[in-house]
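Just run39.cif here, mmCIF, C-alpha atoms:
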```cif
data_coords
loop_
_atom_site.group_PDB
_atom_site.id
_atom_site.type_symbol
_atom_site.label_atom_id
_atom_site.label_comp_id
_atom_site.auth_asym_id
_atom_site.auth_seq_id
_atom_site.Cartn_x
_atom_site.Cartn_y
_atom_site.Cartn_z
ATOM 1 C CA MET A 1 124.664 99.398 -140.760
ATOM 2 C CA SER A 2 123.341 96.506 -142.844
ATOM 3 C CA HIS A 3 121.262 93.698 -141.387
ATOM 4 C CA SER A 4 124.143 91.227 -141.806
ATOM 5 C CA ASP A 5 126.429 93.446 -139.691
ATOM 6 C CA GLN A 6 124.125 93.487 -136.691
ATOM 7 C CA THR A 7 125.464 91.857 -133.542
ATOM 8 C CA ILE A 8 124.107 88.364 -132.904
ATOM 9 C CA PRO A 9 123.198 87.827 -129.239
ATOM 10 C CA ASP A 10 125.321 85.367 -127.292
ATOM 11 C CA ILE A 11 123.133 82.257 -126.891
ATOM 12 C CA PRO A 12 124.796 80.866 -123.772
ATOM 13 C CA ASP A 13 124.050 84.141 -121.923
ATOM 14 C CA ALA A 14 120.330 83.834 -122.687
ATOM 15 C CA PRO A 15 118.118 83.393 -119.624
ATOM 16 C CA ASN A 16 118.133 79.613 -119.206
ATOM 17 C CA PRO A 17 117.259 78.354 -115.705
ATOM 18 C CA VAL A 18 119.026 75.005 -116.151
ATOM 19 C CA LEU A 19 122.203 76.614 -117.501
ATOM 20 C CA ARG A 20 122.097 79.170 -114.695
ATOM 21 C CA ILE A 21 121.890 76.456 -112.039
ATOM 22 C CA VAL A 22 124.733 74.486 -113.657
ATOM 23 C CA ARG A 23 126.909 77.607 -113.714
ATOM 24 C CA MET A 24 126.228 78.328 -110.048
ATOM 25 C CA LEU A 25 126.981 74.708 -109.177
ATOM 26 C CA TRP A 26 130.230 74.872 -111.155
ATOM 27 C CA ALA A 27 131.181 77.956 -109.162
ATOM 28 C CA ASP A 28 131.256 75.763 -106.046
ATOM 29 C CA LYS A 29 133.267 72.674 -107.022
ATOM 30 C CA PHE A 30 132.393 70.785 -103.823
ATOM 31 C CA ALA A 31 128.667 71.340 -104.451
ATOM 32 C CA PHE A 32 129.100 70.305 -108.100
ATOM 33 C CA VAL A 33 130.774 67.003 -107.168
ATOM 34 C CA SER A 34 128.159 66.459 -104.440
ATOM 35 C CA ALA A 35 125.325 66.981 -106.924
ATOM 36 C CA LEU A 36 126.884 64.465 -109.347
ATOM 37 C CA PHE A 37 127.285 61.907 -106.558
ATOM 38 C CA LEU A 38 123.683 62.379 -105.410
ATOM 39 C CA LEU A 39 122.471 61.951 -108.991
ATOM 40 C CA LEU A 40 124.405 58.661 -109.101
ATOM 41 C CA ILE A 41 122.766 57.557 -105.843
ATOM 42 C CA LEU A 42 119.353 58.550 -107.212
ATOM 43 C CA PHE A 43 120.019 56.517 -110.366
ATOM 44 C CA CYS A 44 120.943 53.509 -108.212
ATOM 45 C CA ALA A 45 117.799 53.960 -106.121
ATOM 46 C CA VAL A 46 115.527 54.087 -109.177
ATOM 47 C CA PHE A 47 117.112 51.512 -111.476
ATOM 48 C CA GLY A 48 119.305 49.426 -109.136
ATOM 49 C CA PRO A 49 116.660 46.846 -108.120
ATOM 50 C CA LEU A 50 115.585 46.413 -111.750
ATOM 51 C CA LEU A 51 119.137 45.685 -112.876
ATOM 52 C CA LEU A 52 120.772 43.860 -109.957
ATOM 53 C CA GLU A 53 118.115 42.559 -107.562
ATOM 54 C CA ASP A 54 118.493 38.930 -108.668
ATOM 55 C CA VAL A 55 122.280 39.101 -108.364
ATOM 56 C CA ALA A 56 122.092 40.827 -104.980
ATOM 57 C CA THR A 57 119.909 38.061 -103.464
ATOM 58 C CA LYS A 58 121.544 35.007 -105.063
ATOM 59 C CA GLN A 59 123.630 33.077 -102.527
ATOM 60 C CA ASN A 60 127.016 31.586 -103.379
ATOM 61 C CA LEU A 61 128.706 30.002 -100.370
ATOM 62 C CA ARG A 62 131.963 29.656 -102.317
ATOM 63 C CA GLY A 63 132.213 33.433 -102.243
ATOM 64 C CA ARG A 64 131.418 33.680 -98.517
ATOM 65 C CA ASN A 65 133.115 36.779 -97.032
ATOM 66 C CA ALA A 66 135.113 37.186 -100.236
ATOM 67 C CA PRO A 67 137.740 39.938 -99.786
ATOM 68 C CA PRO A 68 137.515 43.165 -101.800
ATOM 69 C CA PHE A 69 139.762 44.247 -104.690
ATOM 70 C CA ASP A 70 140.046 40.733 -106.108
ATOM 71 C CA PHE A 71 139.876 41.718 -109.766
ATOM 72 C CA SER A 72 140.144 38.113 -110.915
ATOM 73 C CA LYS A 73 136.488 37.646 -109.969
ATOM 74 C CA HIS A 74 133.351 39.177 -111.458
ATOM 75 C CA TRP A 75 133.285 42.978 -111.206
ATOM 76 C CA LEU A 76 130.320 42.832 -108.819
ATOM 77 C CA PHE A 77 132.659 41.194 -106.269
ATOM 78 C CA TRP A 78 135.243 44.004 -106.411
ATOM 79 C CA LEU A 79 133.968 45.248 -103.038
ATOM 80 C CA GLY A 80 133.861 41.705 -101.668
ATOM 81 C CA GLY A 81 131.065 39.317 -100.719
ATOM 82 C CA ASP A 82 128.898 39.012 -97.621
ATOM 83 C CA ALA A 83 128.420 36.093 -95.222
ATOM 84 C CA LEU A 84 126.224 34.280 -97.769
ATOM 85 C CA GLY A 85 128.439 34.970 -100.782
ATOM 86 C CA ARG A 86 126.304 37.771 -102.209
ATOM 87 C CA PRO A 87 128.229 40.616 -103.919
ATOM 88 C CA LEU A 88 128.412 43.704 -101.722
ATOM 89 C CA LEU A 89 128.468 46.135 -104.646
ATOM 90 C CA ALA A 90 125.165 44.808 -105.994
ATOM 91 C CA ARG A 91 123.603 44.843 -102.523
ATOM 92 C CA ILE A 92 124.686 48.427 -101.859
ATOM 93 C CA VAL A 93 123.156 49.527 -105.173
ATOM 94 C CA VAL A 94 119.890 47.692 -104.475
ATOM 95 C CA ALA A 95 119.747 48.897 -100.845
ATOM 96 C CA ALA A 96 119.905 52.519 -102.034
ATOM 97 C CA GLN A 97 116.223 52.362 -103.009
ATOM 98 C CA ASN A 98 114.854 51.645 -99.529
ATOM 99 C CA THR A 99 117.341 53.972 -97.832
ATOM 100 C CA ILE A 100 116.561 56.923 -100.122
ATOM 101 C CA PHE A 101 112.828 56.180 -100.266
ATOM 102 C CA VAL A 102 112.476 56.213 -96.475
ATOM 103 C CA ALA A 103 114.479 59.440 -96.103
ATOM 104 C CA ALA A 104 112.745 61.200 -99.014
ATOM 105 C CA GLY A 105 109.271 60.120 -97.880
ATOM 106 C CA ALA A 106 109.837 61.227 -94.282
ATOM 107 C CA VAL A 107 111.264 64.601 -95.325
ATOM 108 C CA PHE A 108 108.459 65.221 -97.847
ATOM 109 C CA PHE A 109 105.617 64.536 -95.407
ATOM 110 C CA SER A 110 107.239 66.382 -92.505
ATOM 111 C CA LEU A 111 107.958 69.365 -94.788
ATOM 112 C CA LEU A 112 104.384 69.395 -96.135
ATOM 113 C CA ILE A 113 102.644 69.049 -92.759
ATOM 114 C CA GLY A 114 105.082 71.193 -90.790
ATOM 115 C CA THR A 115 105.038 74.051 -93.314
ATOM 116 C CA SER A 116 101.240 74.051 -93.500
ATOM 117 C CA LEU A 117 100.856 74.128 -89.717
ATOM 118 C CA GLY A 118 103.590 76.757 -89.416
ATOM 119 C CA LEU A 119 101.875 79.064 -91.905
ATOM 120 C CA ILE A 120 98.580 78.656 -90.066
ATOM 121 C CA ALA A 121 100.208 79.296 -86.687
ATOM 122 C CA GLY A 122 102.029 82.355 -87.981
ATOM 123 C CA TYR A 123 99.129 84.075 -89.735
ATOM 124 C CA THR A 124 95.919 83.091 -87.949
ATOM 125 C CA SER A 125 94.556 83.742 -84.458
ATOM 126 C CA LYS A 126 96.715 83.598 -81.374
ATOM 127 C CA THR A 127 94.608 80.820 -79.821
ATOM 128 C CA LEU A 128 95.038 78.477 -82.789
ATOM 129 C CA SER A 129 98.721 79.339 -82.914
ATOM 130 C CA GLN A 130 99.146 78.357 -79.252
ATOM 131 C CA VAL A 131 97.370 75.027 -79.809
ATOM 132 C CA ILE A 132 99.620 74.183 -82.758
ATOM 133 C CA MET A 133 102.801 75.193 -80.911
ATOM 134 C CA ARG A 134 101.863 73.093 -77.872
ATOM 135 C CA LEU A 135 101.421 70.136 -80.230
ATOM 136 C CA ALA A 136 104.938 70.742 -81.529
ATOM 137 C CA ASP A 137 106.249 70.952 -77.963
ATOM 138 C CA ILE A 138 104.692 67.568 -77.141
ATOM 139 C CA ILE A 139 106.412 65.936 -80.115
ATOM 140 C CA MET A 140 109.732 67.597 -79.304
ATOM 141 C CA SER A 141 109.545 66.483 -75.657
ATOM 142 C CA PHE A 142 110.367 62.945 -76.820
ATOM 143 C CA PRO A 143 113.800 62.232 -78.339
ATOM 144 C CA SER A 144 113.148 61.437 -81.989
ATOM 145 C CA LEU A 145 114.931 58.082 -81.997
ATOM 146 C CA LEU A 146 113.279 57.047 -78.708
ATOM 147 C CA LEU A 147 109.833 57.901 -80.078
ATOM 148 C CA ALA A 148 110.611 55.924 -83.244
ATOM 149 C CA VAL A 149 111.771 52.952 -81.175
ATOM 150 C CA ILE A 150 108.591 52.961 -79.057
ATOM 151 C CA VAL A 151 106.237 53.226 -82.031
ATOM 152 C CA LEU A 152 108.066 50.616 -84.121
ATOM 153 C CA PHE A 153 108.003 48.180 -81.211
ATOM 154 C CA MET A 154 104.201 48.574 -81.136
ATOM 155 C CA LEU A 155 103.701 48.482 -84.907
ATOM 156 C CA GLU A 156 105.034 46.200 -87.602
ATOM 157 C CA SER A 157 108.466 47.159 -88.930
ATOM 158 C CA SER A 158 107.806 48.165 -92.530
ATOM 159 C CA VAL A 159 108.885 50.858 -94.955
ATOM 160 C CA PHE A 160 105.549 52.693 -94.633
ATOM 161 C CA ASN A 161 105.556 52.691 -90.823
ATOM 162 C CA LEU A 162 109.175 53.829 -90.768
ATOM 163 C CA VAL A 163 108.379 56.757 -93.075
ATOM 164 C CA ILE A 164 105.397 57.828 -90.946
ATOM 165 C CA VAL A 165 107.287 57.601 -87.646
ATOM 166 C CA LEU A 166 110.318 59.531 -88.896
ATOM 167 C CA ALA A 167 108.059 62.146 -90.539
ATOM 168 C CA ILE A 168 106.190 62.768 -87.273
ATOM 169 C CA THR A 169 109.424 63.277 -85.345
ATOM 170 C CA ARG A 170 110.642 65.923 -87.830
ATOM 171 C CA ILE A 171 107.417 67.972 -88.149
ATOM 172 C CA PRO A 172 108.336 70.472 -85.363
ATOM 173 C CA VAL A 173 111.509 71.495 -87.211
ATOM 174 C CA TYR A 174 109.546 72.850 -90.177
ATOM 175 C CA LEU A 175 106.591 74.025 -88.082
ATOM 176 C CA ARG A 176 108.660 76.290 -85.836
ATOM 177 C CA THR A 177 110.769 77.608 -88.716
ATOM 178 C CA ALA A 178 107.740 78.353 -90.924
ATOM 179 C CA ARG A 179 105.924 80.081 -88.055
ATOM 180 C CA ALA A 180 108.913 82.269 -87.159
ATOM 181 C CA GLU A 181 109.452 83.260 -90.800
ATOM 182 C CA THR A 182 105.734 83.940 -91.305
ATOM 183 C CA LEU A 183 105.549 86.193 -88.237
ATOM 184 C CA GLU A 184 108.370 88.285 -89.703
ATOM 185 C CA VAL A 185 107.190 88.348 -93.330
ATOM 186 C CA ARG A 186 103.557 89.207 -92.489
ATOM 187 C CA GLU A 187 104.670 92.638 -91.253
ATOM 188 C CA ARG A 188 106.475 93.555 -94.467
ATOM 189 C CA MET A 189 105.123 96.287 -96.707
ATOM 190 C CA PHE A 190 104.105 94.085 -99.671
ATOM 191 C CA VAL A 191 101.965 91.881 -97.412
ATOM 192 C CA GLN A 192 100.356 94.935 -95.813
ATOM 193 C CA ALA A 193 99.639 96.310 -99.288
ATOM 194 C CA ALA A 194 98.026 93.042 -100.393
ATOM 195 C CA ARG A 195 95.848 93.043 -97.280
ATOM 196 C CA VAL A 196 94.740 96.667 -97.867
ATOM 197 C CA MET A 197 93.852 95.846 -101.483
ATOM 198 C CA GLY A 198 91.456 93.166 -100.255
ATOM 199 C CA ALA A 199 93.451 89.982 -100.966
ATOM 200 C CA SER A 200 92.095 86.909 -99.204
ATOM 201 C CA THR A 201 94.022 85.190 -96.435
ATOM 202 C CA LYS A 202 94.612 82.160 -98.659
ATOM 203 C CA ARG A 203 96.059 84.322 -101.437
ATOM 204 C CA ILE A 204 98.305 86.278 -99.059
ATOM 205 C CA VAL A 205 99.666 83.104 -97.452
ATOM 206 C CA PHE A 206 100.294 81.099 -100.624
ATOM 207 C CA ARG A 207 101.123 83.885 -103.120
ATOM 208 C CA HIS A 208 103.056 86.343 -100.939
ATOM 209 C CA ILE A 209 104.358 84.675 -97.773
ATOM 210 C CA LEU A 210 105.115 81.084 -98.864
ATOM 211 C CA PRO A 211 107.502 82.039 -101.728
ATOM 212 C CA VAL A 212 109.597 84.039 -99.241
ATOM 213 C CA VAL A 213 109.601 81.338 -96.563
ATOM 214 C CA PHE A 214 110.060 78.305 -98.816
ATOM 215 C CA PRO A 215 113.787 78.726 -99.712
ATOM 216 C CA THR A 216 114.720 78.557 -96.025
ATOM 217 C CA LEU A 217 112.628 75.414 -95.598
ATOM 218 C CA VAL A 218 114.235 73.782 -98.649
ATOM 219 C CA THR A 219 117.685 74.389 -97.183
ATOM 220 C CA ILE A 220 116.593 72.834 -93.888
ATOM 221 C CA ALA A 221 115.039 69.884 -95.751
ATOM 222 C CA THR A 222 118.348 69.161 -97.476
ATOM 223 C CA LEU A 223 120.109 68.955 -94.117
ATOM 224 C CA ASP A 224 117.192 67.033 -92.605
ATOM 225 C CA PHE A 225 117.393 64.461 -95.406
ATOM 226 C CA ALA A 226 120.824 63.491 -94.134
ATOM 227 C CA PHE A 227 119.582 63.351 -90.514
ATOM 228 C CA VAL A 228 116.597 61.140 -91.401
ATOM 229 C CA MET A 229 118.806 58.824 -93.446
ATOM 230 C CA LEU A 230 121.127 58.428 -90.444
ATOM 231 C CA ALA A 231 118.116 57.843 -88.173
ATOM 232 C CA GLU A 232 116.814 55.112 -90.477
ATOM 233 C CA SER A 233 120.252 53.531 -90.567
ATOM 234 C CA SER A 234 120.419 53.619 -86.753
ATOM 235 C CA LEU A 235 117.010 51.950 -86.400
ATOM 236 C CA SER A 236 117.928 49.281 -88.943
ATOM 237 C CA PHE A 237 121.244 48.778 -87.134
ATOM 238 C CA LEU A 238 119.327 48.230 -83.872
ATOM 239 C CA GLY A 239 117.137 45.646 -85.600
ATOM 240 C CA ILE A 240 113.821 47.527 -85.352
ATOM 241 C CA GLY A 241 113.869 49.180 -88.758
ATOM 242 C CA ILE A 242 113.443 47.443 -92.089
ATOM 243 C CA GLN A 243 113.827 43.680 -91.743
ATOM 244 C CA PRO A 244 115.188 41.036 -94.159
ATOM 245 C CA PRO A 245 114.581 40.139 -96.941
ATOM 246 C CA GLU A 246 114.328 43.923 -97.450
ATOM 247 C CA ILE A 247 117.668 45.660 -97.249
ATOM 248 C CA THR A 248 119.053 49.084 -96.374
ATOM 249 C CA TRP A 249 122.542 50.421 -95.829
ATOM 250 C CA GLY A 250 122.001 50.516 -92.073
ATOM 251 C CA LEU A 251 120.831 46.899 -92.060
ATOM 252 C CA MET A 252 123.946 45.902 -94.029
ATOM 253 C CA VAL A 253 126.140 47.590 -91.409
ATOM 254 C CA SER A 254 124.273 45.684 -88.700
ATOM 255 C CA GLN A 255 124.621 42.353 -90.502
ATOM 256 C CA GLY A 256 128.381 42.886 -90.855
ATOM 257 C CA ARG A 257 128.918 43.705 -87.178
ATOM 258 C CA PRO A 258 129.728 40.091 -86.084
ATOM 259 C CA TYR A 259 132.473 39.937 -88.725
ATOM 260 C CA LEU A 260 134.262 43.231 -87.984
ATOM 261 C CA THR A 261 137.481 41.505 -86.923
ATOM 262 C CA THR A 262 137.567 39.007 -89.787
ATOM 263 C CA ALA A 263 135.667 40.704 -92.650
ATOM 264 C CA TRP A 264 135.626 44.457 -92.020
ATOM 265 C CA TRP A 265 134.381 45.225 -95.522
ATOM 266 C CA LEU A 266 130.885 43.882 -94.768
ATOM 267 C CA SER A 267 130.153 46.975 -92.658
ATOM 268 C CA PHE A 268 132.711 49.370 -94.113
ATOM 269 C CA TRP A 269 131.315 49.795 -97.637
ATOM 270 C CA PRO A 270 127.640 50.425 -96.717
ATOM 271 C CA GLY A 271 128.866 52.681 -93.893
ATOM 272 C CA LEU A 272 130.994 54.599 -96.417
ATOM 273 C CA ALA A 273 127.931 54.981 -98.662
ATOM 274 C CA ILE A 274 126.034 56.531 -95.729
ATOM 275 C CA ILE A 275 128.926 58.889 -94.919
ATOM 276 C CA LEU A 276 129.444 60.062 -98.511
ATOM 277 C CA THR A 277 125.722 60.616 -99.097
ATOM 278 C CA THR A 278 125.376 62.564 -95.839
ATOM 279 C CA LEU A 279 128.467 64.644 -96.628
ATOM 280 C CA SER A 280 127.185 65.397 -100.134
ATOM 281 C CA LEU A 281 123.828 66.523 -98.758
ATOM 282 C CA ASN A 282 125.524 68.837 -96.263
ATOM 283 C CA LEU A 283 127.734 70.392 -98.951
ATOM 284 C CA LEU A 284 124.758 70.832 -101.275
ATOM 285 C CA SER A 285 122.786 72.404 -98.430
ATOM 286 C CA HIS A 286 125.567 74.969 -97.962
ATOM 287 C CA TRP A 287 125.372 75.776 -101.686
ATOM 288 C CA LEU A 288 121.566 76.045 -101.548
ATOM 289 C CA ARG A 289 121.801 78.493 -98.655
ATOM 290 C CA THR A 290 123.821 80.805 -100.898
ATOM 291 C CA ALA A 291 121.970 80.142 -104.162
ATOM 292 C CA LEU A 292 118.526 80.825 -102.675
ATOM 293 C CA ASP A 293 119.586 84.032 -100.932
ATOM 294 C CA PRO A 294 119.199 87.020 -103.300
ATOM 295 C CA ALA A 295 121.783 88.957 -101.298
ATOM 296 C CA GLN A 296 124.445 86.237 -101.718
ATOM 297 C CA ARG A 297 123.535 84.637 -105.072
ATOM 298 C CA TRP A 298 125.645 87.111 -107.048
ATOM 299 C CA ARG A 299 128.804 85.470 -105.685
ATOM 300 C CA LEU A 300 127.997 82.202 -107.441
ATOM 301 C CA GLU A 301 126.697 83.904 -110.589
ATOM 302 C CA ASN A 302 129.806 86.065 -111.028
ATOM 303 C CA VAL A 303 132.182 83.129 -110.515
ATOM 304 C CA GLY A 304 130.109 80.979 -112.838
ATOM 305 C CA LYS A 305 130.230 83.582 -115.615
ATOM 306 C CA LYS A 306 134.007 83.955 -115.255
ATOM 307 C CA ASN A 307 134.534 80.191 -115.427
ATOM 308 C CA GLY A 308 132.059 79.882 -118.306
#
```

Mind turning the file's structure into structure tokens?
Amino acid sequence: MSHSDQTIPDIPDAPNPVLRIVRMLWADKFAFVSALFLLLILFCAVFGPLLLEDVATKQNLRGRNAPPFDFSKHWLFWLGGDALGRPLLARIVVAAQNTIFVAAGAVFFSLLIGTSLGLIAGYTSKTLSQVIMRLADIIMSFPSLLLAVIVLFMLESSVFNLVIVLAITRIPVYLRTARAETLEVRERMFVQAARVMGASTKRIVFRHILPVVFPTLVTIATLDFAFVMLAESSLSFLGIGIQPPEITWGLMVSQGRPYLTTAWWLSFWPGLAIILTTLSLNLLSHWLRTALDPAQRWRLENVGKKNG
């Protein structure tokens, strides 16, 4: 057979991590749409204030409580205007930054601290493990929203304080999960082999145990992102979260509450943004649970190859 007759490998089937993830997402249409929506929200959070902050804060009393779907006006007023004549669409886009930043910051710090403490509690001495678990029990003895309310009443209501408070309340979730997973993984054969070969505790924890535990924690973090976002919205709705002139979706819902009977859209649109983002995170979490499980991943890969 001549060189020109040799079979050329199929490029799309080459090992490409990005293409593989896209194919697995496409295999679950709900997860695919959810990922696109979350990318849109992320774009709004990053670039929204740069593009629309001036428009979102400029008052126009002629457009006070302007109704939605009036296409004769500027496109930013298609969702209506608020009590000061500011376009709701622009304000929702700008408010995405604080809402997403608070949720992402709280989840990141709680995941980092909780996972670290969970690994320590699951692999070190029993005494240290008991101390760490009692600390988690103390935090969990207070309802998360009640603890946040108490702390925010004592401290100034700011984005940083809100992130810290919400992160503290979510640490036990990751701590207990990481500890339980570590206690199970540490008895597996590959960990025992690494210990016999003289691997240090640090190497065993971070090179052998953490990669096995981390996918479960990522799935939990995706669900927890939605919970923290709802918690932030609840605190802002109660008036002890982020305060004006800063803005979040929960604060917008709170500001529209007095006008529910006359201008329902003031609370409806930011509330819908919260619902859709939370729903998308839950659907993506379901997809992650399958994609990160080696025993179940083949379902998405086979469907993705057929559709591709």

Each region 127-177 of chain A residue no farther than 8 Å from region 114-117 of chain A, nearest pair in Å, only C-alpha atoms, as a Markdown table:
```
| residue | atom | partner | partner_atom | distance |
| --- | --- | --- | --- | --- |
| A:Ile132 | CA | A:Leu117 | CA | 7.1 |
| A:Ile171 | CA | A:Gly114 | CA | 4.8 |
| A:Pro172 | CA | A:Gly114 | CA | 6.4 |
| A:Val173 | CA | A:Gly114 | CA | 7.4 |
| A:Tyr174 | CA | A:Gly114 | CA | 4.8 |
| A:Leu175 | CA | A:Gly114 | CA | 4.2 |
| A:Arg176 | CA | A:Gly114 | CA | 8.0 |
```

Same residues, C-alpha atoms, saved as a compact mmCIF listing (two decimals), keeping the file's coordinate frame:
```txt
# COMPACT_ATOMS: atom_id res chain seq x y z
CA ILE A 132 99.62 74.18 -82.76
CA ILE A 171 107.42 67.97 -88.15
CA PRO A 172 108.34 70.47 -85.36
CA VAL A 173 111.51 71.50 -87.21
CA TYR A 174 109.55 72.85 -90.18
CA LEU A 175 106.59 74.03 -88.08
CA ARG A 176 108.66 76.29 -85.84
```

> Contacts of Gly239 (chain A) at 10 Å or less, counting all atoms listed in the file, minus same-chain residues fewer than 2 places along, as a ChimeraX atom specification?
Replying inline: /A:157,233-237,241-244,250-251,254-255

Save the residues we just selected, C-alpha atoms, as an mmCIF file, in the coordinates of the input?
```cif
data_model
loop_
_atom_site.group_PDB
_atom_site.id
_atom_site.type_symbol
_atom_site.label_atom_id
_atom_site.label_comp_id
_atom_site.auth_asym_id
_atom_site.auth_seq_id
_atom_site.Cartn_x
_atom_site.Cartn_y
_atom_site.Cartn_z
ATOM 1 C CA SER A 157 108.466 47.159 -88.930
ATOM 2 C CA SER A 233 120.252 53.531 -90.567
ATOM 3 C CA SER A 234 120.419 53.619 -86.753
ATOM 4 C CA LEU A 235 117.010 51.950 -86.400
ATOM 5 C CA SER A 236 117.928 49.281 -88.943
ATOM 6 C CA PHE A 237 121.244 48.778 -87.134
ATOM 7 C CA GLY A 241 113.869 49.180 -88.758
ATOM 8 C CA ILE A 242 113.443 47.443 -92.089
ATOM 9 C CA GLN A 243 113.827 43.680 -91.743
ATOM 10 C CA PRO A 244 115.188 41.036 -94.159
ATOM 11 C CA GLY A 250 122.001 50.516 -92.073
ATOM 12 C CA LEU A 251 120.831 46.899 -92.060
ATOM 13 C CA SER A 254 124.273 45.684 -88.700
ATOM 14 C CA GLN A 255 124.621 42.353 -90.502
#
```

> Hey, what comes out of the PyMOL selection byres ((chain A and resi 261-276) around 7) on this file? Could you write it as a list of chain:residue names?
Replying inline: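 Given this file, the PyMOL selection byres ((chain A and resi 261-276) around 7) evaluates to A:Asn65, A:Asp82, A:Ile92, A:Trp249, A:Met252, A:Val253, A:Gly256, A:Arg257, A:Tyr259, A:Leu260, A:Thr277, A:Thr278, A:Leu279, A:Ser280.
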
> So how far away is CA of Val228 (chain A) from CA of Ser129 (chain A), in Å?
Replying inline: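 We find that CA of Ser129 (chain A) and CA of Val228 (chain A) lie 26.9 Å from each other.
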
> From the list A:Leu210, A:Leu292, A:Val163, A:Val218, which residue is nearest Ala231 (chain A) when using only C-alpha atoms?
Replying inline: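 Looking at the shortest contact to Ala231 (chain A), the residue is A:Val163.
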
> On this structure, which residues satisfy the PyMOL selection byres ((chain A and resi 108) around 12), written as a PyMOL selection string?
Replying inline: chain A and resi 100-107+109-115+163-164+166-168+170-171+174+217-218+220-222+224-225+228

> What do you get, as a list in words, if you spell out every residue that the PyMOL selection byres ((chain A and resi 63) around 9) selects here?
Replying inline: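 Checking the PyMOL selection byres ((chain A and resi 63) around 9) against this file, the residues are Gln59, Asn60, Leu61, Arg62, Arg64, Asn65, Ala66, Pro67, Phe77, Gly80, Gly81, Asp82, Ala83, Leu84, Gly85, Arg86 and Pro87 of chain A.
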
Reconstructed N, CA and C atoms for region 135-149 of chain A, given as an mmCIF file, keeping the file's coordinate frame:
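The new file part29.cif reads:
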```cif
data_model
loop_
_atom_site.group_PDB
_atom_site.id
_atom_site.type_symbol
_atom_site.label_atom_id
_atom_site.label_comp_id
_atom_site.auth_asym_id
_atom_site.auth_seq_id
_atom_site.Cartn_x
_atom_site.Cartn_y
_atom_site.Cartn_z
ATOM 1 N N LEU A 135 101.310 71.439 -79.570
ATOM 2 C CA LEU A 135 101.421 70.136 -80.230
ATOM 3 C C LEU A 135 102.869 69.867 -80.633
ATOM 4 N N ALA A 136 103.529 70.883 -81.162
ATOM 5 C CA ALA A 136 104.938 70.742 -81.529
ATOM 6 C C ALA A 136 105.807 70.487 -80.303
ATOM 7 N N ASP A 137 105.481 71.156 -79.196
ATOM 8 C CA ASP A 137 106.249 70.952 -77.963
ATOM 9 C C ASP A 137 106.107 69.523 -77.448
ATOM 10 N N ILE A 138 104.912 68.953 -77.578
ATOM 11 C CA ILE A 138 104.692 67.568 -77.141
ATOM 12 C C ILE A 138 105.560 66.610 -77.949
ATOM 13 N N ILE A 139 105.597 66.814 -79.268
ATOM 14 C CA ILE A 139 106.412 65.936 -80.115
ATOM 15 C C ILE A 139 107.889 66.096 -79.796
ATOM 16 N N MET A 140 108.324 67.339 -79.571
ATOM 17 C CA MET A 140 109.732 67.597 -79.304
ATOM 18 C C MET A 140 110.155 67.164 -77.900
ATOM 19 N N SER A 141 109.191 66.914 -77.006
ATOM 20 C CA SER A 141 109.545 66.483 -75.657
ATOM 21 C C SER A 141 110.098 65.066 -75.638
ATOM 22 N N PHE A 142 109.821 64.295 -76.700
ATOM 23 C CA PHE A 142 110.367 62.945 -76.820
ATOM 24 C C PHE A 142 111.572 62.975 -77.751
ATOM 25 N N PRO A 143 112.695 62.373 -77.381
ATOM 26 C CA PRO A 143 113.800 62.232 -78.339
ATOM 27 C C PRO A 143 113.326 61.484 -79.579
ATOM 28 N N SER A 144 113.697 61.982 -80.745
ATOM 29 C CA SER A 144 113.148 61.437 -81.989
ATOM 30 C C SER A 144 113.403 59.945 -82.144
ATOM 31 N N LEU A 145 114.625 59.506 -81.856
ATOM 32 C CA LEU A 145 114.931 58.082 -81.997
ATOM 33 C C LEU A 145 114.176 57.247 -80.967
ATOM 34 N N LEU A 146 114.020 57.780 -79.742
ATOM 35 C CA LEU A 146 113.279 57.047 -78.708
ATOM 36 C C LEU A 146 111.819 56.896 -79.094
ATOM 37 N N LEU A 147 111.222 57.969 -79.630
ATOM 38 C CA LEU A 147 109.833 57.901 -80.078
ATOM 39 C C LEU A 147 109.688 56.887 -81.204
ATOM 40 N N ALA A 148 110.650 56.887 -82.144
ATOM 41 C CA ALA A 148 110.611 55.924 -83.244
ATOM 42 C C ALA A 148 110.734 54.495 -82.727
ATOM 43 N N VAL A 149 111.599 54.287 -81.749
ATOM 44 C CA VAL A 149 111.771 52.952 -81.175
ATOM 45 C C VAL A 149 110.477 52.470 -80.527
#
```
